[in-house]
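In what follows, a single structure is set out as structure tokens and then discussed.
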Amino acid sequence: MAPVDEAVGTARPRATIADRSGLLAPLFLLPAVVYIVALVALPFLLALAFAFSDVTAGDPSFDWVGLRNFEAIFDDPVFWRSLQNTLVFTVIAMVLIVVLAKALAMILVADFRFKRLVRFFVLLPWTTPIALAAVAWLWMLDSIYSPIDWVLRNLGLLDGNLYWLGRDNLAMASVIAVHVWRIVPLAAVIIMAGLISIPKDITDAAEIDGAGFWRRLWEITIPLNLPVIAVATLFGAILTFTDMTVVYILTRGGPANATQVLPSYAFFKGIGGGDLAQGAAIALFLFPLLLAATVAVLRAVRRLETF
Amino acid sequence: MPLAVELRGLKKHYHHGDVPAVDGVDIATEEGEYLVLLGPSGCGKTTLLRTVAGLEEPTEGEVLIGGNVVNGLPPRARQVAMVFQSYALYPHKSVLDNIVFPLKATKMPKQERRQRARWAADLLGIGQLLARKPRQLSGGERQRVALARALVREPSVFLLDEPLSNLDAKLRAIARDELKQFQSRLGTTTIYVTHDQAEAMGLGDRIAVMYAGKVRQLGAPREVYDDPADTFVATFLGSPPMNLVRRGDRLVGFRPESFLPADAVDGDNALSAQFDVARIEYLSGDRHIYGTVRGIGEETRVIARLPATVSAPIDAGEAQEFRVLERDLRFFDAETGKRAAAQPVGT
């Protein structure tokens, strides 16, 4: 019965590389690990090392100086101003982003004509490179040619110019407004995805149970939407907290550091001024705050997920 | 107080569909009646229920509750309560908060709200579950919470959308019994949607059999079963469904349980036919016999259902004489499927 033996021999199942999960798992993870180590972990460790050194752009040799850099920035009033500005910027921007994005998301899930077109336009600010968008905003807020001022003047609400980027509070408001304009579409789309996942039966039931719009919103939609809102907030907060593009292009931190935030100050100190060590020390201040915010939001999400 | 629901010329088109979901329905319930909408999925029964609830606006026609036209009124102004197929419990709220929720809209003081919720929970035997979240409940418990939430503010009309279909078979029979007792105790007008004929027959004071957006027949369970208005109703109800045999321009219908061995049928006015037995199924005491009948009309595959009391030996492959009483015959127009006048079926 040789043919049968042969048939059995050729048909014997063999484990291919696709079956060896012990080998495949590390193999597939490797690119991500290399990427994170090379572009996140190493720079982070480098920044840590720099913060305790006297490395400058002119003298890259590494000498340990202990806490001297931190003492220097604690004595620097601009650092404290930047820290304060960062917190103000983040908190106000995030409140506006969450409220506006939630409202926008609810408009986007509603049924109306040209819904897809409106969704497309709403997403445009997010898809525009921020550098280009910020330059456009630079003109919108120009001290002489601002179209906003022009409209206000023609409505008779304004004499002369507002100098959006030239006054402390207006400059901060401008930076916040542009940033909100940029992040709201992203947050709205994330929240919209969450809204769509709420079963229609539940909102219908609430309607039958006599709940009007506001009670449905506060007692049903928002609680059920909260995990997703938390994720959107986390993304938004990290993007806001670490953002320096808007500040850099619109105001360069001015006038007189009124809009200076930690990332921009770290950049001006470390790259602009060449003091890499102090720049690293300033940038490190972002880390514990971000870590705390991340842990807090993720814990909130986990608590809410267990419905 | 129970209020009657009336639908007049109700039509519902959706934007994207050419076929109307509800295509001209006229139904009037009595106060306190238990009306069942029965039909296959997609027949428009759920759309009809949602239109009564105010979750959908009809394209044409009127909805009346307690004699008042409620078209355009939001659900909260209609004094209706609804139980959804999915139960639609609020997953982030405890059982107590779920039941209390409808009362919040009534501006009832907090203390009283809690008392009412406890009353409703005790009525349904879920008083010990008030602190739990919906995810910690079994299917049967969730269904009770949904019922408690519906009845807590004593609505004038109950709308139930397949409330038992997510329960397993055993639980469903118990829940059906409870539901019926419940409704007769409260006396609330109830509209109950189901595709399950056993639920419909067991629960309904009257049944509206629906198909393709239309009510094909409205009547008491016995009436729709014994005197179906057309072949759809005849074959949708009954398990197995009514046999239909073509004879000229008519269809002759008879229920499987009326088609019995000749010895088991007493009476003079009976029709005899030869039944070639092909296959026998033994189901909960009954014998379901599949085979071909000759002598009533065209040769047709039919089913006979013999109760346990009929013990005549029958084997697959043999031909036997079966009889059906003439009063158990129903006639339908072969073209339209509508009920037609009886005609003699002599052999």
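In the structure tokens, each chain is lettered A, B, ... as it comes, each chain's residues begin at 1, and ligands are numbered from 1 in order of appearance.
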
Counting only C-alpha atoms, which residues of chain A fall within 6 Å of chain B, and what is the closest atom pair for each with its distance in Å at one decimal, ordered by chain and rising number, as JSON lines?
{"residue": "A:Asp201", "atom": "CA", "partner": "B:Ala88", "partner_atom": "CA", "distance": 5.5}
{"residue": "A:Ile202", "atom": "CA", "partner": "B:Ala88", "partner_atom": "CA", "distance": 4.8}
{"residue": "A:Ile208", "atom": "CA", "partner": "B:Pro75", "partner_atom": "CA", "distance": 5.1}
{"residue": "A:Asp209", "atom": "CA", "partner": "B:Pro102", "partner_atom": "CA", "distance": 4.5}
{"residue": "A:Gly210", "atom": "CA", "partner": "B:Arg76", "partner_atom": "CA", "distance": 4.2}
{"residue": "A:Phe307", "atom": "CA", "partner": "B:Pro91", "partner_atom": "CA", "distance": 5.8}

field: Atom pair atom CA of A:Tyr163 / atom CA of A:Asp149: separation (Å)
entry: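 Between atom CA of A:Tyr163 and atom CA of A:Asp149 the gap works out to 8.8 Å.
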
query: For B:Leu329, which of B:Pro313, B:Pro344, B:Gly238, B:Gly219 is the closest residue, counting only C-alpha atoms?
result: B:Pro344

Just want the 9 Å neighbourhood of B:Val324, counted on only C-alpha atoms, with same-chain residues fewer than 5 positions away dropped. Output as an mmCIF file with N, CA and C atoms, in the first residue's frame.
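This is the output file out_13.cif:
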data_model
loop_
_atom_site.group_PDB
_atom_site.id
_atom_site.type_symbol
_atom_site.label_atom_id
_atom_site.label_comp_id
_atom_site.auth_asym_id
_atom_site.auth_seq_id
_atom_site.Cartn_x
_atom_site.Cartn_y
_atom_site.Cartn_z
ATOM 1 N N PHE B 254 -58.091 23.359 5.841
ATOM 2 C CA PHE B 254 -58.498 22.659 7.064
ATOM 3 C C PHE B 254 -57.299 22.571 7.994
ATOM 4 N N SER B 258 -57.961 18.885 12.560
ATOM 5 C CA SER B 258 -59.278 18.401 12.148
ATOM 6 C C SER B 258 -59.162 17.277 11.127
ATOM 7 N N PHE B 259 -57.967 16.976 10.692
ATOM 8 C CA PHE B 259 -57.735 15.976 9.656
ATOM 9 C C PHE B 259 -57.249 14.701 10.334
ATOM 10 N N LEU B 260 -58.190 13.734 10.515
ATOM 11 C CA LEU B 260 -57.902 12.606 11.397
ATOM 12 C C LEU B 260 -58.232 11.280 10.716
ATOM 13 N N PRO B 261 -57.719 10.200 11.259
ATOM 14 C CA PRO B 261 -58.083 8.893 10.717
ATOM 15 C C PRO B 261 -59.598 8.716 10.745
ATOM 16 N N ALA B 262 -60.134 8.003 9.748
ATOM 17 C CA ALA B 262 -61.580 7.879 9.571
ATOM 18 C C ALA B 262 -62.290 7.438 10.851
ATOM 19 N N VAL B 265 -63.191 10.199 13.488
ATOM 20 C CA VAL B 265 -64.080 11.311 13.154
ATOM 21 C C VAL B 265 -65.519 10.823 13.186
ATOM 22 N N ASN B 269 -71.575 14.471 8.243
ATOM 23 C CA ASN B 269 -71.112 15.408 7.238
ATOM 24 C C ASN B 269 -69.599 15.492 7.222
ATOM 25 N N ALA B 270 -68.968 14.377 6.937
ATOM 26 C CA ALA B 270 -67.510 14.375 6.895
ATOM 27 C C ALA B 270 -67.049 14.032 5.496
ATOM 28 N N LEU B 271 -65.873 14.581 5.172
ATOM 29 C CA LEU B 271 -65.298 14.388 3.853
ATOM 30 C C LEU B 271 -64.186 13.361 3.982
ATOM 31 N N SER B 272 -64.226 12.333 3.147
ATOM 32 C CA SER B 272 -63.193 11.301 3.202
ATOM 33 C C SER B 272 -62.135 11.573 2.154
ATOM 34 N N ALA B 273 -60.909 11.217 2.469
ATOM 35 C CA ALA B 273 -59.832 11.409 1.499
ATOM 36 C C ALA B 273 -58.759 10.376 1.761
ATOM 37 N N LEU B 329 -64.128 22.850 7.249
ATOM 38 C CA LEU B 329 -63.512 23.300 5.988
ATOM 39 C C LEU B 329 -63.679 24.806 5.840
#

- prompt: When DSSP works through the backbone of this structure, what residues of stretch 204-310 of chain B end up as strand (DSSP E), shown as a ChimeraX atom specification?
  reply: /B:206-211,214-219,243-247,250-254,260-261,270-283,286-294,300-306

message: Could you list, as a VMD selection string, every residue within 10 Å of A:Val118, counting only C-alpha atoms and ignoring same-chain residues fewer than 5 positions away?
response: chain A and resid 107 to 108 112 to 113 123

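Shell of A:Ala47 at 12 Å, with only C-alpha atoms counted and residues fewer than 3 places along the chain excluded, is Val40, Ala41, Leu42, Pro43, Phe44, Phe50, Ala51, Phe52, Ser53, Val55, Ala266, Gly270, Leu276, Ala277, Gln278, Gly279, Ala280, Ala281, Ile282, Ala283, Leu284, Phe285, Leu286 and Phe287 of chain A.
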
Those same residues, written as a PDB file, in the first residue's frame with N, CA and C atoms?
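What follows is the written file part_36.pdb:
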ATOM      1  N   VAL A  40      10.793  58.394  21.503  1.00  0.00           N
ATOM      2  CA  VAL A  40      10.188  58.872  22.741  1.00  0.00           C
ATOM      3  C   VAL A  40      11.114  58.624  23.930  1.00  0.00           C
ATOM      4  N   ALA A  41      11.497  57.386  24.124  1.00  0.00           N
ATOM      5  CA  ALA A  41      12.256  57.044  25.334  1.00  0.00           C
ATOM      6  C   ALA A  41      13.642  57.692  25.342  1.00  0.00           C
ATOM      7  N   LEU A  42      14.388  57.560  24.257  1.00  0.00           N
ATOM      8  CA  LEU A  42      15.748  58.116  24.240  1.00  0.00           C
ATOM      9  C   LEU A  42      15.757  59.639  24.407  1.00  0.00           C
ATOM     10  N   PRO A  43      14.944  60.379  23.620  1.00  0.00           N
ATOM     11  CA  PRO A  43      14.922  61.827  23.830  1.00  0.00           C
ATOM     12  C   PRO A  43      14.517  62.194  25.251  1.00  0.00           C
ATOM     13  N   PHE A  44      13.573  61.417  25.817  1.00  0.00           N
ATOM     14  CA  PHE A  44      13.131  61.724  27.173  1.00  0.00           C
ATOM     15  C   PHE A  44      14.281  61.542  28.169  1.00  0.00           C
ATOM     16  N   PHE A  50      20.140  66.040  30.397  1.00  0.00           N
ATOM     17  CA  PHE A  50      20.484  67.439  30.122  1.00  0.00           C
ATOM     18  C   PHE A  50      20.077  68.358  31.261  1.00  0.00           C
ATOM     19  N   ALA A  51      18.912  68.036  31.872  1.00  0.00           N
ATOM     20  CA  ALA A  51      18.400  68.915  32.906  1.00  0.00           C
ATOM     21  C   ALA A  51      19.340  69.003  34.104  1.00  0.00           C
ATOM     22  N   PHE A  52      20.197  67.996  34.276  1.00  0.00           N
ATOM     23  CA  PHE A  52      21.151  68.004  35.394  1.00  0.00           C
ATOM     24  C   PHE A  52      22.576  68.272  34.909  1.00  0.00           C
ATOM     25  N   SER A  53      22.697  68.935  33.728  1.00  0.00           N
ATOM     26  CA  SER A  53      24.034  69.155  33.170  1.00  0.00           C
ATOM     27  C   SER A  53      24.207  70.624  32.802  1.00  0.00           C
ATOM     28  N   VAL A  55      25.063  71.405  29.584  1.00  0.00           N
ATOM     29  CA  VAL A  55      25.180  71.341  28.132  1.00  0.00           C
ATOM     30  C   VAL A  55      24.559  72.590  27.508  1.00  0.00           C
ATOM     31  N   ALA A 266      10.501  76.744  26.841  1.00  0.00           N
ATOM     32  CA  ALA A 266      11.571  75.744  26.745  1.00  0.00           C
ATOM     33  C   ALA A 266      12.258  75.833  25.388  1.00  0.00           C
ATOM     34  N   GLY A 270      16.056  76.812  25.186  1.00  0.00           N
ATOM     35  CA  GLY A 270      16.947  75.723  24.797  1.00  0.00           C
ATOM     36  C   GLY A 270      17.468  75.839  23.383  1.00  0.00           C
ATOM     37  N   LEU A 276      20.669  74.446  26.303  1.00  0.00           N
ATOM     38  CA  LEU A 276      19.938  73.183  26.227  1.00  0.00           C
ATOM     39  C   LEU A 276      19.566  72.652  27.605  1.00  0.00           C
ATOM     40  N   ALA A 277      20.440  72.834  28.554  1.00  0.00           N
ATOM     41  CA  ALA A 277      20.217  72.292  29.888  1.00  0.00           C
ATOM     42  C   ALA A 277      18.991  72.922  30.524  1.00  0.00           C
ATOM     43  N   GLN A 278      18.903  74.264  30.497  1.00  0.00           N
ATOM     44  CA  GLN A 278      17.745  74.918  31.108  1.00  0.00           C
ATOM     45  C   GLN A 278      16.475  74.642  30.324  1.00  0.00           C
ATOM     46  N   GLY A 279      16.578  74.584  28.985  1.00  0.00           N
ATOM     47  CA  GLY A 279      15.424  74.246  28.162  1.00  0.00           C
ATOM     48  C   GLY A 279      14.874  72.884  28.556  1.00  0.00           C
ATOM     49  N   ALA A 280      15.783  71.921  28.762  1.00  0.00           N
ATOM     50  CA  ALA A 280      15.364  70.578  29.154  1.00  0.00           C
ATOM     51  C   ALA A 280      14.693  70.603  30.518  1.00  0.00           C
ATOM     52  N   ALA A 281      15.265  71.370  31.452  1.00  0.00           N
ATOM     53  CA  ALA A 281      14.695  71.438  32.796  1.00  0.00           C
ATOM     54  C   ALA A 281      13.283  72.011  32.755  1.00  0.00           C
ATOM     55  N   ILE A 282      13.054  73.045  31.919  1.00  0.00           N
ATOM     56  CA  ILE A 282      11.715  73.644  31.806  1.00  0.00           C
ATOM     57  C   ILE A 282      10.742  72.636  31.195  1.00  0.00           C
ATOM     58  N   ALA A 283      11.204  71.985  30.126  1.00  0.00           N
ATOM     59  CA  ALA A 283      10.334  71.035  29.437  1.00  0.00           C
ATOM     60  C   ALA A 283       9.927  69.896  30.364  1.00  0.00           C
ATOM     61  N   LEU A 284      10.832  69.510  31.274  1.00  0.00           N
ATOM     62  CA  LEU A 284      10.525  68.397  32.181  1.00  0.00           C
ATOM     63  C   LEU A 284       9.327  68.699  33.069  1.00  0.00           C
ATOM     64  N   PHE A 285       9.047  69.984  33.278  1.00  0.00           N
ATOM     65  CA  PHE A 285       7.913  70.329  34.124  1.00  0.00           C
ATOM     66  C   PHE A 285       6.589  69.915  33.519  1.00  0.00           C
ATOM     67  N   LEU A 286       6.586  69.711  32.201  1.00  0.00           N
ATOM     68  CA  LEU A 286       5.362  69.247  31.563  1.00  0.00           C
ATOM     69  C   LEU A 286       5.045  67.822  31.987  1.00  0.00           C
ATOM     70  N   PHE A 287       6.122  67.055  32.247  1.00  0.00           N
ATOM     71  CA  PHE A 287       5.957  65.614  32.405  1.00  0.00           C
ATOM     72  C   PHE A 287       5.079  65.215  33.589  1.00  0.00           C
TER      73      PHE A 287
END

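Minimum atom-to-atom distance to A:Pro60, evaluated using only C-alpha atoms, belongs to A:Asp275 out of A:Leu195, A:Val34, A:Arg216, A:Asp275.
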
- prompt: Using only C-alpha atoms, which of the listed residues (A:Thr128, A:Asn225, A:Thr16, A:Asn85) sits closest to A:Val247?
  reply: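 Of the candidates, the smallest distance to A:Val247 is held by A:Asn85.
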
- request: Would you please work out which residue, of B:Val252, B:Leu147, B:Ala173, B:Ile126, is nearest to B:Thr300 when using only C-alpha atoms?
  value: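 Looking at the shortest contact to B:Thr300, the residue is B:Val252.
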
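Neighbours of B:Gly317 closer than or equal to 12 Å, with only C-alpha atoms counted and sequence neighbours fewer than 4 positions away skipped, come out as Phe275, Asp276, Val277, Ala278, Arg279, Ile280, Ile289, Tyr290, Gly291 and Thr292 of chain B.
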
Dump C-alpha atoms for the selected residues as a PDB file, in the first residue's frame?
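After the write, out_8.pdb holds the following:
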ATOM      1  CA  PHE B 275     -53.822  10.102   2.813  1.00  0.00           C
ATOM      2  CA  ASP B 276     -50.445   8.695   1.695  1.00  0.00           C
ATOM      3  CA  VAL B 277     -48.312   8.898   4.815  1.00  0.00           C
ATOM      4  CA  ALA B 278     -44.717   9.913   4.160  1.00  0.00           C
ATOM      5  CA  ARG B 279     -43.289  10.759   7.535  1.00  0.00           C
ATOM      6  CA  ILE B 280     -44.283  10.909  11.208  1.00  0.00           C
ATOM      7  CA  ILE B 289     -48.108  13.189  10.079  1.00  0.00           C
ATOM      8  CA  TYR B 290     -46.755  14.457   6.778  1.00  0.00           C
ATOM      9  CA  GLY B 291     -48.142  13.048   3.562  1.00  0.00           C
ATOM     10  CA  THR B 292     -50.077  13.594   0.345  1.00  0.00           C
TER      11      THR B 292
END

message: Here is a test: counting only C-alpha atoms, which residue of B:Pro221, B:Pro155, B:Gly253, B:Pro2 is nearest to B:Ala340?
response: B:Gly253

- prompt: Quick one: distance from atom CA of B:Val70 to atom CA of B:Glu30 in Å, one decimal?
  reply: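 Value for the atom CA of B:Val70-atom CA of B:Glu30 distance: 17.2 Å.
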
message: I want to know what sits within 9 Å of A:Ile176, based on only C-alpha atoms, with residues of the same chain fewer than 5 positions away left out; could you give that as JSON, numbers by chain?
response: {"A": [89, 90, 92, 93, 171, 181, 246]}

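For the pair atom CA of B:Ser41 and atom CA of B:Val209, the interatomic distance is 12.1 Å.
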
task: Please give the complete set of residues from stretch 69-202 of chain A that DSSP, run on the backbone, assigns to alpha helix (DSSP H), formatted as a PyMOL selection string.
output: chain A and resi 69-74+77-109+115-127+130-140+147-154+168-196+200-202
